Amino acid sequence: MSFVLPTVLGHRGARSVKTENTIEAFAYACQSGVRWVELDAMLSKDGEAVVFHDETIDRMCENRETGRLDERTAEQLRSVTLKNGAKIPTLAQVLDVLNRYNGCVNIEIKPSRPELARETARKVWQVVRDRRFDDPARLFFSSFTWDALKETKAIAPHIRRGVLVEDVSGDWRPAAKEVEAYSINYDADLLTPELIREIKDGGYHLLAYTVNDAEQAKKLRAQGVEAFFCDDPLFMTKALG
Ligand code: G3P
Ligand code: MG
């Protein structure tokens, strides 16, 4: 199997359909025929790779539990209940689900603190190898934290890397060059036709997040954006034909 960039990736699984970044979300995406999903990987206090987006558990908790994710051990995180009764999965658990369906994944390495960038990348790679997911056709990395991408380039150079860009990011250009990025993964609302042209002319693939409006996706696609992170990936897949 060779790598084929999908048009649609299920953002945090399928976050408008199931609780984001949970087993339920990834199983739903796979069962719906969505081949590619995106997830956020972060470290617990004791260095376990878990799948979670925020630095704190506040927004996602059902019973008003609060606090930083990285101040709880993996065992403590197991007793946290998210919305709809879901649990915070480990990266290993999610990869096991994806393996069951032969799914593909963009692992966004999301260090809970900048100084954990390289350690987070190393742990993610260890889990990926342990679950036999180290297949460049089924996996690529991305991060807003460019040190994390530098680390993946050092330890897993054959796995593609995407530089994530948001409004507070520094200049992505030197980072993209240094990590030999495969793609630039840009905030859709910040993209302009000029930027799109520059990125494509630079030889990078271009992905946009988060796009839930089919008309916006069609417009961006016509301008050169190749792939979209979508909260309802099945809807977008149908809409884009
Ligand atoms: O990787 C695309 C997207 O997930 C980046 O933003 O904040 O949803 O992780 P965020
Ligand atoms: Mg993400």
# chains A, B, ... in the order shown; residues from 1 in each chain; ligands from 1
>>> residues_around(residues="Met42 of chain A", least_positions_apart="2", cutoff="10 Å", atoms="only C-alpha atoms", output="PyMOL selection string")
chain A and resi 39-40+44-45+47-55+69-70+90-91+108-113+116-117+120-121+123-124
>>> write_last_selection(atoms="N, CA and C atoms", output="mmCIF file, in the first residue's frame")
data_model
loop_
_atom_site.group_PDB
_atom_site.id
_atom_site.type_symbol
_atom_site.label_atom_id
_atom_site.label_comp_id
_atom_site.auth_asym_id
_atom_site.auth_seq_id
_atom_site.Cartn_x
_atom_site.Cartn_y
_atom_site.Cartn_z
ATOM 1 N N LEU A 39 -5.865 12.752 15.433
ATOM 2 C CA LEU A 39 -5.988 12.718 16.893
ATOM 3 C C LEU A 39 -4.893 13.566 17.506
ATOM 4 N N ASP A 40 -5.100 13.931 18.778
ATOM 5 C CA ASP A 40 -4.121 14.726 19.516
ATOM 6 C C ASP A 40 -3.480 13.838 20.579
ATOM 7 N N SER A 44 0.609 11.943 29.926
ATOM 8 C CA SER A 44 0.125 12.027 31.309
ATOM 9 C C SER A 44 1.307 12.365 32.226
ATOM 10 N N LYS A 45 1.006 12.545 33.505
ATOM 11 C CA LYS A 45 2.057 12.896 34.477
ATOM 12 C C LYS A 45 3.188 11.867 34.489
ATOM 13 N N GLY A 47 4.055 9.993 31.992
ATOM 14 C CA GLY A 47 4.683 9.776 30.689
ATOM 15 C C GLY A 47 3.972 8.805 29.769
ATOM 16 N N GLU A 48 2.705 8.524 30.021
ATOM 17 C CA GLU A 48 1.927 7.661 29.117
ATOM 18 C C GLU A 48 1.360 8.538 28.000
ATOM 19 N N ALA A 49 1.350 8.042 26.761
ATOM 20 C CA ALA A 49 0.743 8.813 25.663
ATOM 21 C C ALA A 49 -0.760 8.584 25.680
ATOM 22 N N VAL A 50 -1.501 9.667 25.886
ATOM 23 C CA VAL A 50 -2.962 9.575 25.877
ATOM 24 C C VAL A 50 -3.496 10.474 24.767
ATOM 25 N N VAL A 51 -4.758 10.226 24.404
ATOM 26 C CA VAL A 51 -5.353 10.963 23.294
ATOM 27 C C VAL A 51 -6.313 11.994 23.870
ATOM 28 N N PHE A 52 -5.912 13.255 23.771
ATOM 29 C CA PHE A 52 -6.677 14.326 24.401
ATOM 30 C C PHE A 52 -6.224 15.647 23.798
ATOM 31 N N HIS A 53 -7.150 16.602 23.730
ATOM 32 C CA HIS A 53 -6.820 17.859 23.061
ATOM 33 C C HIS A 53 -6.343 18.971 23.986
ATOM 34 N N ASP A 54 -7.046 19.174 25.102
ATOM 35 C CA ASP A 54 -6.778 20.370 25.916
ATOM 36 C C ASP A 54 -5.702 20.110 26.974
ATOM 37 N N GLU A 55 -5.099 21.185 27.460
ATOM 38 C CA GLU A 55 -4.152 21.036 28.570
ATOM 39 C C GLU A 55 -4.884 20.708 29.870
ATOM 40 N N LEU A 69 -4.273 18.038 32.641
ATOM 41 C CA LEU A 69 -4.151 16.625 32.280
ATOM 42 C C LEU A 69 -2.803 16.074 32.735
ATOM 43 N N ASP A 70 -1.741 16.874 32.563
ATOM 44 C CA ASP A 70 -0.408 16.337 32.865
ATOM 45 C C ASP A 70 -0.078 16.345 34.362
ATOM 46 N N THR A 90 -5.816 5.724 25.845
ATOM 47 C CA THR A 90 -4.378 5.824 25.573
ATOM 48 C C THR A 90 -4.188 5.781 24.053
ATOM 49 N N LEU A 91 -3.024 6.245 23.615
ATOM 50 C CA LEU A 91 -2.734 6.165 22.180
ATOM 51 C C LEU A 91 -2.741 4.703 21.734
ATOM 52 N N GLU A 108 -1.370 14.176 15.702
ATOM 53 C CA GLU A 108 -0.883 15.508 16.055
ATOM 54 C C GLU A 108 -0.210 15.404 17.412
ATOM 55 N N ILE A 109 1.063 15.685 17.442
ATOM 56 C CA ILE A 109 1.819 15.625 18.700
ATOM 57 C C ILE A 109 1.600 16.955 19.411
ATOM 58 N N LYS A 110 0.956 16.868 20.580
ATOM 59 C CA LYS A 110 0.526 18.076 21.276
ATOM 60 C C LYS A 110 1.128 18.088 22.670
ATOM 61 N N PRO A 111 2.369 18.511 22.792
ATOM 62 C CA PRO A 111 2.984 18.521 24.121
ATOM 63 C C PRO A 111 2.192 19.450 25.046
ATOM 64 N N SER A 112 1.960 18.992 26.284
ATOM 65 C CA SER A 112 1.181 19.815 27.210
ATOM 66 C C SER A 112 1.982 21.032 27.663
ATOM 67 N N ARG A 113 3.314 20.939 27.546
ATOM 68 C CA ARG A 113 4.200 22.073 27.819
ATOM 69 C C ARG A 113 5.291 22.033 26.748
ATOM 70 N N LEU A 116 8.168 19.654 26.839
ATOM 71 C CA LEU A 116 7.918 18.218 26.691
ATOM 72 C C LEU A 116 7.833 17.793 25.222
ATOM 73 N N ALA A 117 8.179 18.713 24.313
ATOM 74 C CA ALA A 117 8.009 18.443 22.883
ATOM 75 C C ALA A 117 8.722 17.159 22.437
ATOM 76 N N THR A 120 7.483 13.950 24.222
ATOM 77 C CA THR A 120 6.170 13.524 23.723
ATOM 78 C C THR A 120 6.333 12.820 22.374
ATOM 79 N N ALA A 121 7.149 13.399 21.509
ATOM 80 C CA ALA A 121 7.374 12.782 20.198
ATOM 81 C C ALA A 121 7.989 11.390 20.351
ATOM 82 N N LYS A 123 7.805 9.308 22.898
ATOM 83 C CA LYS A 123 6.843 8.354 23.464
ATOM 84 C C LYS A 123 5.828 7.933 22.402
ATOM 85 N N VAL A 124 5.357 8.905 21.630
ATOM 86 C CA VAL A 124 4.397 8.588 20.562
ATOM 87 C C VAL A 124 5.009 7.563 19.610
#
>>> residues_near_ligand(ligand="ligand 2", cutoff="12 Å", atoms="only C-alpha atoms and all ligand atoms", output="VMD selection string")
chain A and resid 9 to 15 20 to 21 37 to 42 51 to 54 105 to 111 141 to 145 162 to 166 185 to 187 208 to 210 229 to 231
>>> residues_around(residues="Asn99 of chain A", least_positions_apart="2", cutoff="12 Å", atoms="only C-alpha atoms", output="list of chain:residue names")
A:Phe26, A:Ala27, A:Cys30, A:Arg35, A:Trp36, A:Ala92, A:Gln93, A:Val94, A:Leu95, A:Asp96, A:Val97, A:Tyr101, A:Asn102, A:Gly103, A:Cys104, A:Val105, A:Val128, A:Arg131, A:Arg132, A:Phe133, A:Asp134, A:Asp135, A:Arg138, A:Leu139
>>> write_last_selection(atoms="C-alpha atoms", output="PDB file, in the first residue's frame")
ATOM      1  CA  PHE A  26     -12.615   6.550  16.150  1.00  0.00           C
ATOM      2  CA  ALA A  27     -14.736   3.407  15.941  1.00  0.00           C
ATOM      3  CA  CYS A  30     -13.961   3.642  10.852  1.00  0.00           C
ATOM      4  CA  ARG A  35     -10.309   5.967   6.229  1.00  0.00           C
ATOM      5  CA  TRP A  36      -8.260   8.768   7.809  1.00  0.00           C
ATOM      6  CA  ALA A  92      -2.167   2.414  22.215  1.00  0.00           C
ATOM      7  CA  GLN A  93      -5.899   1.754  22.650  1.00  0.00           C
ATOM      8  CA  VAL A  94      -6.783   4.031  19.754  1.00  0.00           C
ATOM      9  CA  LEU A  95      -4.192   2.479  17.466  1.00  0.00           C
ATOM     10  CA  ASP A  96      -5.584  -0.952  18.324  1.00  0.00           C
ATOM     11  CA  VAL A  97      -9.042   0.188  17.160  1.00  0.00           C
ATOM     12  CA  TYR A 101     -10.356  -1.510  10.721  1.00  0.00           C
ATOM     13  CA  ASN A 102      -7.137  -0.962   8.809  1.00  0.00           C
ATOM     14  CA  GLY A 103      -7.608   2.767   9.405  1.00  0.00           C
ATOM     15  CA  CYS A 104      -5.036   5.497   8.868  1.00  0.00           C
ATOM     16  CA  VAL A 105      -4.060   8.299  11.224  1.00  0.00           C
ATOM     17  CA  VAL A 128       3.406   3.543  17.274  1.00  0.00           C
ATOM     18  CA  ARG A 131       1.357  -1.308  18.036  1.00  0.00           C
ATOM     19  CA  ARG A 132       2.981  -2.003  14.638  1.00  0.00           C
ATOM     20  CA  PHE A 133       1.605   1.211  13.167  1.00  0.00           C
ATOM     21  CA  ASP A 134       4.966   2.393  11.821  1.00  0.00           C
ATOM     22  CA  ASP A 135       3.802   2.292   8.227  1.00  0.00           C
ATOM     23  CA  ARG A 138      -1.011   4.760   7.113  1.00  0.00           C
ATOM     24  CA  LEU A 139       0.514   7.379   9.365  1.00  0.00           C
TER      25      LEU A 139
END
>>> atom_distance(atom1="atom CA of Ile88 of chain A", atom2="atom CA of Ile159 of chain A")
25.7 Å
>>> select_by_dssp(residues="segment 16-93 of chain A", states="strand (DSSP E or B)", output="tab-separated table (two decimals) with C-alpha atoms, in the first residue's frame")
chain	number	residue	atom	x	y	z
A	36	TRP	CA	-8.26	8.77	7.81
A	37	VAL	CA	-8.66	10.32	11.25
A	38	GLU	CA	-6.72	12.94	13.16
A	39	LEU	CA	-5.99	12.72	16.89
A	40	ASP	CA	-4.12	14.73	19.52
A	41	ALA	CA	-1.45	12.93	21.55
A	42	MET	CA	-0.28	14.24	24.93
A	43	LEU	CA	1.60	12.82	27.92
A	49	ALA	CA	0.74	8.81	25.66
A	50	VAL	CA	-2.96	9.58	25.88
A	51	VAL	CA	-5.35	10.96	23.29
A	56	THR	CA	-6.93	20.80	31.18
A	61	CYS	CA	-15.55	16.45	31.75
A	68	ARG	CA	-4.32	19.89	34.16
A	82	LEU	CA	-15.86	12.65	29.80
A	90	THR	CA	-4.38	5.82	25.57
>>> closest_residue(among="A:Ser32, A:Thr152, A:Ser169, A:Gln216", to="ligand 1", atoms="only C-alpha atoms and all ligand atoms")
A:Ser169
>>> select_by_dssp(residues="segment 49-157 of chain A", states="helix (DSSP H, G or I)", output="PDB file with N, CA, C and O atoms, in the first residue's frame")
ATOM      1  N   ASP A  58     -11.077  20.271  32.004  1.00  0.00           N
ATOM      2  CA  ASP A  58     -12.305  20.993  32.354  1.00  0.00           C
ATOM      3  C   ASP A  58     -13.404  20.914  31.280  1.00  0.00           C
ATOM      4  O   ASP A  58     -14.543  20.553  31.565  1.00  0.00           O
ATOM      5  N   ARG A  59     -13.077  21.295  30.053  1.00  0.00           N
ATOM      6  CA  ARG A  59     -14.094  21.401  29.001  1.00  0.00           C
ATOM      7  C   ARG A  59     -14.753  20.069  28.688  1.00  0.00           C
ATOM      8  O   ARG A  59     -15.943  20.023  28.380  1.00  0.00           O
ATOM      9  N   MET A  60     -13.987  18.993  28.789  1.00  0.00           N
ATOM     10  CA  MET A  60     -14.494  17.711  28.315  1.00  0.00           C
ATOM     11  C   MET A  60     -15.165  16.869  29.399  1.00  0.00           C
ATOM     12  O   MET A  60     -15.758  15.837  29.106  1.00  0.00           O
ATOM     13  N   LEU A  69      -4.273  18.038  32.641  1.00  0.00           N
ATOM     14  CA  LEU A  69      -4.151  16.625  32.280  1.00  0.00           C
ATOM     15  C   LEU A  69      -2.803  16.074  32.735  1.00  0.00           C
ATOM     16  O   LEU A  69      -2.719  14.963  33.267  1.00  0.00           O
ATOM     17  N   ASP A  70      -1.741  16.874  32.563  1.00  0.00           N
ATOM     18  CA  ASP A  70      -0.408  16.337  32.865  1.00  0.00           C
ATOM     19  C   ASP A  70      -0.078  16.345  34.362  1.00  0.00           C
ATOM     20  O   ASP A  70       1.053  16.050  34.744  1.00  0.00           O
ATOM     21  N   GLU A  71      -1.087  16.653  35.187  1.00  0.00           N
ATOM     22  CA  GLU A  71      -0.891  16.509  36.637  1.00  0.00           C
ATOM     23  C   GLU A  71      -1.575  15.250  37.150  1.00  0.00           C
ATOM     24  O   GLU A  71      -1.658  15.008  38.353  1.00  0.00           O
ATOM     25  N   ALA A  74      -1.592   8.153  34.327  1.00  0.00           N
ATOM     26  CA  ALA A  74      -2.472   7.419  33.405  1.00  0.00           C
ATOM     27  C   ALA A  74      -3.565   6.703  34.196  1.00  0.00           C
ATOM     28  O   ALA A  74      -4.724   6.655  33.778  1.00  0.00           O
ATOM     29  N   GLU A  75      -3.194   6.176  35.356  1.00  0.00           N
ATOM     30  CA  GLU A  75      -4.190   5.475  36.171  1.00  0.00           C
ATOM     31  C   GLU A  75      -5.260   6.453  36.677  1.00  0.00           C
ATOM     32  O   GLU A  75      -6.457   6.149  36.645  1.00  0.00           O
ATOM     33  N   GLN A  76      -4.824   7.615  37.107  1.00  0.00           N
ATOM     34  CA  GLN A  76      -5.800   8.618  37.571  1.00  0.00           C
ATOM     35  C   GLN A  76      -6.701   9.071  36.415  1.00  0.00           C
ATOM     36  O   GLN A  76      -7.890   9.323  36.604  1.00  0.00           O
ATOM     37  N   LEU A  77      -6.121   9.161  35.238  1.00  0.00           N
ATOM     38  CA  LEU A  77      -6.929   9.593  34.082  1.00  0.00           C
ATOM     39  C   LEU A  77      -7.989   8.557  33.721  1.00  0.00           C
ATOM     40  O   LEU A  77      -9.040   8.896  33.179  1.00  0.00           O
ATOM     41  N   ARG A  78      -7.702   7.305  34.053  1.00  0.00           N
ATOM     42  CA  ARG A  78      -8.682   6.247  33.748  1.00  0.00           C
ATOM     43  C   ARG A  78      -9.997   6.458  34.497  1.00  0.00           C
ATOM     44  O   ARG A  78     -11.051   6.013  34.053  1.00  0.00           O
ATOM     45  N   LYS A  83     -17.681  13.643  28.597  1.00  0.00           N
ATOM     46  CA  LYS A  83     -19.064  13.772  28.139  1.00  0.00           C
ATOM     47  C   LYS A  83     -19.547  12.461  27.520  1.00  0.00           C
ATOM     48  O   LYS A  83     -18.768  11.739  26.907  1.00  0.00           O
ATOM     49  N   ASN A  84     -20.801  12.186  27.714  1.00  0.00           N
ATOM     50  CA  ASN A  84     -21.445  10.962  27.211  1.00  0.00           C
ATOM     51  C   ASN A  84     -20.833   9.695  27.812  1.00  0.00           C
ATOM     52  O   ASN A  84     -20.890   8.629  27.218  1.00  0.00           O
ATOM     53  N   GLY A  85     -20.213   9.853  28.985  1.00  0.00           N
ATOM     54  CA  GLY A  85     -19.680   8.684  29.689  1.00  0.00           C
ATOM     55  C   GLY A  85     -18.415   8.118  29.079  1.00  0.00           C
ATOM     56  O   GLY A  85     -17.968   7.038  29.469  1.00  0.00           O
ATOM     57  N   LEU A  91      -3.024   6.245  23.615  1.00  0.00           N
ATOM     58  CA  LEU A  91      -2.734   6.165  22.180  1.00  0.00           C
ATOM     59  C   LEU A  91      -2.741   4.703  21.734  1.00  0.00           C
ATOM     60  O   LEU A  91      -3.231   4.374  20.652  1.00  0.00           O
ATOM     61  N   ALA A  92      -2.215   3.836  22.569  1.00  0.00           N
ATOM     62  CA  ALA A  92      -2.167   2.414  22.215  1.00  0.00           C
ATOM     63  C   ALA A  92      -3.575   1.864  21.978  1.00  0.00           C
ATOM     64  O   ALA A  92      -3.814   1.117  21.016  1.00  0.00           O
ATOM     65  N   GLN A  93      -4.520   2.241  22.827  1.00  0.00           N
ATOM     66  CA  GLN A  93      -5.899   1.754  22.650  1.00  0.00           C
ATOM     67  C   GLN A  93      -6.494   2.244  21.332  1.00  0.00           C
ATOM     68  O   GLN A  93      -7.185   1.501  20.634  1.00  0.00           O
ATOM     69  N   VAL A  94      -6.222   3.495  21.007  1.00  0.00           N
ATOM     70  CA  VAL A  94      -6.783   4.031  19.754  1.00  0.00           C
ATOM     71  C   VAL A  94      -6.147   3.345  18.549  1.00  0.00           C
ATOM     72  O   VAL A  94      -6.839   2.974  17.592  1.00  0.00           O
ATOM     73  N   LEU A  95      -4.852   3.138  18.595  1.00  0.00           N
ATOM     74  CA  LEU A  95      -4.192   2.479  17.466  1.00  0.00           C
ATOM     75  C   LEU A  95      -4.697   1.047  17.303  1.00  0.00           C
ATOM     76  O   LEU A  95      -4.826   0.548  16.180  1.00  0.00           O
ATOM     77  N   ASP A  96      -5.022   0.402  18.410  1.00  0.00           N
ATOM     78  CA  ASP A  96      -5.584  -0.952  18.324  1.00  0.00           C
ATOM     79  C   ASP A  96      -6.921  -0.930  17.576  1.00  0.00           C
ATOM     80  O   ASP A  96      -7.201  -1.809  16.757  1.00  0.00           O
ATOM     81  N   VAL A  97      -7.747   0.077  17.872  1.00  0.00           N
ATOM     82  CA  VAL A  97      -9.042   0.188  17.160  1.00  0.00           C
ATOM     83  C   VAL A  97      -8.790   0.426  15.671  1.00  0.00           C
ATOM     84  O   VAL A  97      -9.383  -0.230  14.801  1.00  0.00           O
ATOM     85  N   LEU A  98      -7.891   1.362  15.384  1.00  0.00           N
ATOM     86  CA  LEU A  98      -7.622   1.676  13.974  1.00  0.00           C
ATOM     87  C   LEU A  98      -7.038   0.463  13.244  1.00  0.00           C
ATOM     88  O   LEU A  98      -7.367   0.210  12.078  1.00  0.00           O
ATOM     89  N   ASN A  99      -6.208  -0.283  13.929  1.00  0.00           N
ATOM     90  CA  ASN A  99      -5.653  -1.490  13.315  1.00  0.00           C
ATOM     91  C   ASN A  99      -6.745  -2.485  12.957  1.00  0.00           C
ATOM     92  O   ASN A  99      -6.691  -3.143  11.915  1.00  0.00           O
ATOM     93  N   ARG A 100      -7.745  -2.567  13.828  1.00  0.00           N
ATOM     94  CA  ARG A 100      -8.840  -3.509  13.593  1.00  0.00           C
ATOM     95  C   ARG A 100      -9.560  -3.200  12.282  1.00  0.00           C
ATOM     96  O   ARG A 100     -10.059  -4.081  11.604  1.00  0.00           O
ATOM     97  N   PRO A 114       5.762  23.219  26.313  1.00  0.00           N
ATOM     98  CA  PRO A 114       6.757  23.238  25.230  1.00  0.00           C
ATOM     99  C   PRO A 114       7.981  22.383  25.525  1.00  0.00           C
ATOM    100  O   PRO A 114       8.529  21.729  24.641  1.00  0.00           O
ATOM    101  N   GLU A 115       8.382  22.345  26.799  1.00  0.00           N
ATOM    102  CA  GLU A 115       9.608  21.604  27.124  1.00  0.00           C
ATOM    103  C   GLU A 115       9.418  20.083  27.021  1.00  0.00           C
ATOM    104  O   GLU A 115      10.388  19.329  27.091  1.00  0.00           O
ATOM    105  N   LEU A 116       8.168  19.654  26.839  1.00  0.00           N
ATOM    106  CA  LEU A 116       7.918  18.218  26.691  1.00  0.00           C
ATOM    107  C   LEU A 116       7.833  17.793  25.222  1.00  0.00           C
ATOM    108  O   LEU A 116       7.449  16.666  24.910  1.00  0.00           O
ATOM    109  N   ALA A 117       8.179  18.713  24.313  1.00  0.00           N
ATOM    110  CA  ALA A 117       8.009  18.443  22.883  1.00  0.00           C
ATOM    111  C   ALA A 117       8.722  17.159  22.437  1.00  0.00           C
ATOM    112  O   ALA A 117       8.117  16.273  21.840  1.00  0.00           O
ATOM    113  N   ARG A 118       9.986  17.083  22.737  1.00  0.00           N
ATOM    114  CA  ARG A 118      10.758  15.934  22.228  1.00  0.00           C
ATOM    115  C   ARG A 118      10.371  14.643  22.941  1.00  0.00           C
ATOM    116  O   ARG A 118      10.264  13.587  22.325  1.00  0.00           O
ATOM    117  N   GLU A 119      10.149  14.753  24.242  1.00  0.00           N
ATOM    118  CA  GLU A 119       9.752  13.567  25.013  1.00  0.00           C
ATOM    119  C   GLU A 119       8.400  13.038  24.510  1.00  0.00           C
ATOM    120  O   GLU A 119       8.203  11.825  24.385  1.00  0.00           O
ATOM    121  N   THR A 120       7.483  13.950  24.222  1.00  0.00           N
ATOM    122  CA  THR A 120       6.170  13.524  23.723  1.00  0.00           C
ATOM    123  C   THR A 120       6.333  12.820  22.374  1.00  0.00           C
ATOM    124  O   THR A 120       5.743  11.753  22.142  1.00  0.00           O
ATOM    125  N   ALA A 121       7.149  13.399  21.509  1.00  0.00           N
ATOM    126  CA  ALA A 121       7.374  12.782  20.198  1.00  0.00           C
ATOM    127  C   ALA A 121       7.989  11.390  20.351  1.00  0.00           C
ATOM    128  O   ALA A 121       7.583  10.436  19.667  1.00  0.00           O
ATOM    129  N   ARG A 122       8.946  11.265  21.253  1.00  0.00           N
ATOM    130  CA  ARG A 122       9.610   9.961  21.427  1.00  0.00           C
ATOM    131  C   ARG A 122       8.640   8.912  21.955  1.00  0.00           C
ATOM    132  O   ARG A 122       8.632   7.759  21.518  1.00  0.00           O
ATOM    133  N   LYS A 123       7.805   9.308  22.898  1.00  0.00           N
ATOM    134  CA  LYS A 123       6.843   8.354  23.464  1.00  0.00           C
ATOM    135  C   LYS A 123       5.828   7.933  22.402  1.00  0.00           C
ATOM    136  O   LYS A 123       5.465   6.756  22.289  1.00  0.00           O
ATOM    137  N   VAL A 124       5.357   8.905  21.630  1.00  0.00           N
ATOM    138  CA  VAL A 124       4.397   8.588  20.562  1.00  0.00           C
ATOM    139  C   VAL A 124       5.009   7.563  19.610  1.00  0.00           C
ATOM    140  O   VAL A 124       4.380   6.562  19.263  1.00  0.00           O
ATOM    141  N   TRP A 125       6.235   7.789  19.222  1.00  0.00           N
ATOM    142  CA  TRP A 125       6.884   6.877  18.285  1.00  0.00           C
ATOM    143  C   TRP A 125       7.058   5.481  18.894  1.00  0.00           C
ATOM    144  O   TRP A 125       6.896   4.467  18.227  1.00  0.00           O
ATOM    145  N   GLN A 126       7.356   5.451  20.191  1.00  0.00           N
ATOM    146  CA  GLN A 126       7.497   4.155  20.864  1.00  0.00           C
ATOM    147  C   GLN A 126       6.185   3.379  20.819  1.00  0.00           C
ATOM    148  O   GLN A 126       6.156   2.179  20.512  1.00  0.00           O
ATOM    149  N   VAL A 127       5.082   4.077  21.087  1.00  0.00           N
ATOM    150  CA  VAL A 127       3.767   3.414  21.060  1.00  0.00           C
ATOM    151  C   VAL A 127       3.415   2.984  19.632  1.00  0.00           C
ATOM    152  O   VAL A 127       2.915   1.874  19.405  1.00  0.00           O
ATOM    153  N   VAL A 128       3.699   3.858  18.679  1.00  0.00           N
ATOM    154  CA  VAL A 128       3.406   3.543  17.274  1.00  0.00           C
ATOM    155  C   VAL A 128       4.121   2.254  16.863  1.00  0.00           C
ATOM    156  O   VAL A 128       3.526   1.366  16.235  1.00  0.00           O
ATOM    157  N   ARG A 129       5.373   2.152  17.241  1.00  0.00           N
ATOM    158  CA  ARG A 129       6.122   0.942  16.867  1.00  0.00           C
ATOM    159  C   ARG A 129       5.601  -0.275  17.607  1.00  0.00           C
ATOM    160  O   ARG A 129       5.456  -1.353  17.035  1.00  0.00           O
ATOM    161  N   ASP A 130       5.313  -0.065  18.888  1.00  0.00           N
ATOM    162  CA  ASP A 130       4.819  -1.157  19.715  1.00  0.00           C
ATOM    163  C   ASP A 130       3.508  -1.728  19.139  1.00  0.00           C
ATOM    164  O   ASP A 130       3.265  -2.929  19.192  1.00  0.00           O
ATOM    165  N   TRP A 146       7.249  22.841  16.880  1.00  0.00           N
ATOM    166  CA  TRP A 146       8.145  22.396  15.834  1.00  0.00           C
ATOM    167  C   TRP A 146       9.284  21.536  16.363  1.00  0.00           C
ATOM    168  O   TRP A 146       9.832  20.717  15.627  1.00  0.00           O
ATOM    169  N   ASP A 147       9.629  21.689  17.641  1.00  0.00           N
ATOM    170  CA  ASP A 147      10.640  20.790  18.218  1.00  0.00           C
ATOM    171  C   ASP A 147      10.163  19.336  18.183  1.00  0.00           C
ATOM    172  O   ASP A 147      10.971  18.412  18.058  1.00  0.00           O
ATOM    173  N   ALA A 148       8.872  19.152  18.305  1.00  0.00           N
ATOM    174  CA  ALA A 148       8.326  17.780  18.241  1.00  0.00           C
ATOM    175  C   ALA A 148       8.553  17.203  16.842  1.00  0.00           C
ATOM    176  O   ALA A 148       8.910  16.022  16.682  1.00  0.00           O
ATOM    177  N   LEU A 149       8.374  18.035  15.830  1.00  0.00           N
ATOM    178  CA  LEU A 149       8.590  17.559  14.456  1.00  0.00           C
ATOM    179  C   LEU A 149      10.067  17.295  14.193  1.00  0.00           C
ATOM    180  O   LEU A 149      10.429  16.341  13.492  1.00  0.00           O
ATOM    181  N   LYS A 150      10.917  18.137  14.778  1.00  0.00           N
ATOM    182  CA  LYS A 150      12.361  17.910  14.612  1.00  0.00           C
ATOM    183  C   LYS A 150      12.735  16.546  15.198  1.00  0.00           C
ATOM    184  O   LYS A 150      13.547  15.812  14.643  1.00  0.00           O
ATOM    185  N   GLU A 151      12.121  16.232  16.324  1.00  0.00           N
ATOM    186  CA  GLU A 151      12.416  14.948  16.961  1.00  0.00           C
ATOM    187  C   GLU A 151      11.923  13.787  16.087  1.00  0.00           C
ATOM    188  O   GLU A 151      12.625  12.797  15.924  1.00  0.00           O
ATOM    189  N   THR A 152      10.732  13.930  15.517  1.00  0.00           N
ATOM    190  CA  THR A 152      10.243  12.818  14.670  1.00  0.00           C
ATOM    191  C   THR A 152      11.121  12.661  13.435  1.00  0.00           C
ATOM    192  O   THR A 152      11.326  11.550  12.953  1.00  0.00           O
ATOM    193  N   LYS A 153      11.618  13.785  12.953  1.00  0.00           N
ATOM    194  CA  LYS A 153      12.513  13.677  11.779  1.00  0.00           C
ATOM    195  C   LYS A 153      13.775  12.892  12.144  1.00  0.00           C
ATOM    196  O   LYS A 153      14.276  12.089  11.358  1.00  0.00           O
ATOM    197  N   ALA A 154      14.241  13.113  13.379  1.00  0.00           N
ATOM    198  CA  ALA A 154      15.456  12.420  13.810  1.00  0.00           C
ATOM    199  C   ALA A 154      15.211  10.928  14.041  1.00  0.00           C
ATOM    200  O   ALA A 154      16.041  10.099  13.669  1.00  0.00           O
ATOM    201  N   ILE A 155      14.078  10.584  14.632  1.00  0.00           N
ATOM    202  CA  ILE A 155      13.887   9.181  15.030  1.00  0.00           C
ATOM    203  C   ILE A 155      13.051   8.376  14.034  1.00  0.00           C
ATOM    204  O   ILE A 155      13.097   7.153  14.037  1.00  0.00           O
TER     205      ILE A 155
END
>>> closest_residue(among="A:Gly224, A:Gly67, A:Pro193, A:Pro136", to="His205 of chain A", atoms="only C-alpha atoms")
A:Gly224
>>> closest_residue(among="A:Gly203, A:Gly33, A:Pro233, A:Pro174", to="Ser16 of chain A", atoms="only C-alpha atoms")
A:Pro233
>>> atom_distance(atom1="atom CA of Ile57 of chain A", atom2="atom CA of Asp213 of chain A")
28.0 Å
>>> residues_around(residues="Arg221 of chain A", least_positions_apart="5", cutoff="10 Å", atoms="only C-alpha atoms", output="JSON, numbers by chain")
{"A": [7, 206, 207, 208, 215, 216, 226, 227, 228, 240]}
